[in-house]
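Notes follow the structure.
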Amino acid sequence: IFSKVTTTTIQQPSPAVNGWSALIPRDGRPIPTELAALLNSRANPNGPWQLTQYLNYANRTARTEVYTYNMVAGIQARIPDTDWTAEIYGSQGESQTSASLQGFASLERYRTIVTAPNWGQGFRAQGNAGFGGFGASTATCTSGLNPFSQGPISRDCIEAISADLKTKSTMQQTVWEGTVSGSLFALPAGNVKIALGADYRSNDFRYENDSLTTQGRSFLDQAIGLYPSGNSRGTINVKEAYGELLVPILKDTIVKSLDLELGGRVSDFNTTGKSYTYKALGDLQITDWFRVRGGYNRAERAPNIAELFLSPQQTFVFAAAGDPCSLNSPLPYSANPRTNPGSAAQVRALCSALMNRTDPNTANTFYNSPAFQTSGGTFAFPSLVGNPNLEPEKADTYTAGVVLRSPIDTDMFRSFRLTVDYYNIRVKNAIGPQSVDIAQRQCLDGAFNPTFSATSPFCVGVNRVAGDGAIGNVLTTYFNNGRFRTSGIDAQLDWSFDVGPGRFSLNSVVNYLIEMKSSELSVLPLVDFAGSLGPNQNGLNPGAFRWKMLNTFGYGLGPVSMSLQWQHLPSVDSAAKPITEAVGGTNTLQGTGAYDLFNLAGSLRVTDNASIRVGVDNLFNKAPPVVEINAAPAPGTLAGGDFSDLFYDLNGRRFFIGANFKF
């Protein structure tokens, strides 16, 4: 198998905001009259000022090419006059992803030009001032980068600040596997069947980053609009042996059948050693139309390549617990004396020490500005790195369910099928990236740092932004500290019957979440996130809706078929609410109400070998809700809010058309 897929993605221009903004000198450059009056009203009218803008000379684009190949060869065999079969095969595959990113700018070259006189108009510079510019490149900027000008930016200015980036990742996989299966012996209820197998798998991953955005290398410059990451490489190989046994217990006696399924697997990883997985499942067919199933499964998941070998990579995340250094924080271990009357002063002193590491005036700026005293969740940009000392996480899963088919053999009910399953999953030694909330708590909470020392190991990676004191680049990694448990009920209904000249069909999938309890540290109690947009920990996917439903209504008439898909999400709390209330704080961030999304699709079978399909996604152009709005923002701060593309549609109504052909 060989494939090549090329994708082009277009995003908005690079923002030169916050940490990417420039400090502009007051040197007589042309600026609007209103801005000049504002600057002149300062205590130091001639002091520099901060410029925040979008570099809207070009959209950011990414052209990604993915080459994939896979070769499989094997032998299948059957022993004559028996039901025994055997198979052995080997496969070799590779997937290579190359990305070319354009529309990005060099931070230092941008700052150099925009801070030059007259916004860089007529700018000219040459690298390597020594030896007459030996081996150096020359850049010019005819128009300058005046953010208040309506005129176009000249091409040489764009070239002078452009930073075209390239990345490449390669995954290679080798697999050898052999299996054998057949009947061992007969019991009154049927044959005892066994399946045995062994395999070897090797995965090798390499990621090569652009030098301008590589962690640990490019410290004099970086790209505007893209977070840095590191070159990564890792290899995981595993040898496994496994077996399954199907034991028929009863057959056509007091019940139709009762089968027991037993299984086990031993895996030996080069990274974490041996792991053991086993299961015991039962299947009870009471009547032709009623079946009961369930069982127990122990699973172990070894850490993957990213969790073990990821080089430092900066990300952008939501810190649900907010900023404990804020004087308006609801957390009982914060610098807020109203919520932490016992040790708020020590926390504030520790926060000040962290803030003043680089700039001794940072803490004064932070605590004298109401804008920094947030009371709810906030955003942060931590750097995540792999942990080669991780161990496998262990999960115990219990299930019980029923399968109901219609006992009525009529056209109306013949295809009716309903399944209802209960699940209960408990995971310990959970592998997950350390959250910003926990990293800050371990540094600032006296339960973990009793001396409130800035030199505590827990505080080494907790950085604050020099100058304003906001949450900075917090260093995090993966740990086995977490645990979580979840339980719920899954139900699925399938039903079809004739209506008029065609046939109507219904598929409905519903999940009800009983609990989703998680804790990042073994010493902390479990927090139930059910009914919220969380959790954001232990590697769990966010969005613990109390219940969810997906319905598909279909109608077919000869070569024509139509379907309407209806997805329903109920109202949900903020991701910050469970975290904040679990530590005795008051949550002011809001979730959102119920959300319904409809998609319409149709197809026409032109011939046996050709068909056409059309459709409309987000049929009613349903807008996404704004979540995490602060209902009670502190004085001088905004209510905030964000869109979530994980659960809600951000694209609006869109159409598609396609065709399938068989040759």
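As shown in the structure tokens, the chain order sets the letters A, B, ...; within each chain, residues go from 1, and ligands are also counted from 1 in the order they appear.
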Problem set entry | All strand (DSSP E or B) residues (DSSP, backbone) inside stretch 282-453 of chain A, as a ChimeraX atom specification | /A:282-285,290-301,313-314,317-319,378-380,383-385,393-405,417-433
For this session: Write out as an NGL selection string which residues come within 8 Å of A:Asn660 when counting only C-alpha atoms, dropping same-chain ones fewer than 3 positions away.
Result: :A and (609-612)
Writing out the chosen residues with N, CA and C atoms as a compact mmCIF listing (two decimals), in the first residue's frame:
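Final output, saved to part-v6.txt:
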# COMPACT_ATOMS: atom_id res chain seq x y z
N ASN A 609 -21.59 0.65 -10.21
CA ASN A 609 -20.20 1.02 -9.99
C ASN A 609 -19.98 2.52 -9.81
N ALA A 610 -21.05 3.28 -9.73
CA ALA A 610 -20.90 4.73 -9.60
C ALA A 610 -22.00 5.29 -8.72
N SER A 611 -21.61 6.21 -7.84
CA SER A 611 -22.59 6.85 -6.96
C SER A 611 -22.15 8.28 -6.68
N ILE A 612 -23.12 9.12 -6.36
CA ILE A 612 -22.89 10.52 -6.05
C ILE A 612 -23.43 10.80 -4.65
For this session: Run DSSP on the backbone and give me the residues of stretch 410-587 of chain A it puts in helix (DSSP H, G or I), as a PyMOL selection string.
Result: chain A and resi 436-444+457-459+576-582
For this session: Tell me which protein, DNA and RNA residues are within 9 Å of A:Phe104, counting only C-alpha atoms, leaving out same-chain ones fewer than 6 positions away, and put them as a PyMOL selection string.
Result: chain A and resi 13-14+55+58-61+161-165+223-226
Those same residues - C-alpha atoms - I'd like them written as a PDB file, in the first residue's frame.
ATOM      1  CA  PRO A  13      -1.916  36.515  10.103  1.00  0.00           C
ATOM      2  CA  SER A  14       0.670  36.182  12.854  1.00  0.00           C
ATOM      3  CA  LEU A  55       1.327  41.343  10.996  1.00  0.00           C
ATOM      4  CA  ALA A  58       0.133  37.538   4.747  1.00  0.00           C
ATOM      5  CA  ASN A  59      -1.880  34.669   6.138  1.00  0.00           C
ATOM      6  CA  ARG A  60      -0.052  31.852   7.854  1.00  0.00           C
ATOM      7  CA  THR A  61      -0.133  28.793   5.614  1.00  0.00           C
ATOM      8  CA  ILE A 161      11.102  39.725   8.331  1.00  0.00           C
ATOM      9  CA  SER A 162       9.775  36.487   6.785  1.00  0.00           C
ATOM     10  CA  ALA A 163      10.613  33.171   8.419  1.00  0.00           C
ATOM     11  CA  ASP A 164       9.652  30.183   6.272  1.00  0.00           C
ATOM     12  CA  LEU A 165       9.764  27.092   8.466  1.00  0.00           C
ATOM     13  CA  ALA A 223       9.116  32.819  14.995  1.00  0.00           C
ATOM     14  CA  ILE A 224       6.131  35.054  15.697  1.00  0.00           C
ATOM     15  CA  GLY A 225       2.939  33.033  15.892  1.00  0.00           C
ATOM     16  CA  LEU A 226       4.467  29.600  16.560  1.00  0.00           C
TER      17      LEU A 226
END
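Comparing the minimum interatomic distances between A:Lys239 and each of A:Asn270, A:Asn599, A:Thr85, A:Ser415, counting only C-alpha atoms, we find that A:Asn270 sits nearest.
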Problem set entry | Among the residues A:Asn473, A:Gln215, A:Asn297, A:Ser229, the one that comes closest to A:Phe379 [using only C-alpha atoms] | A:Asn473
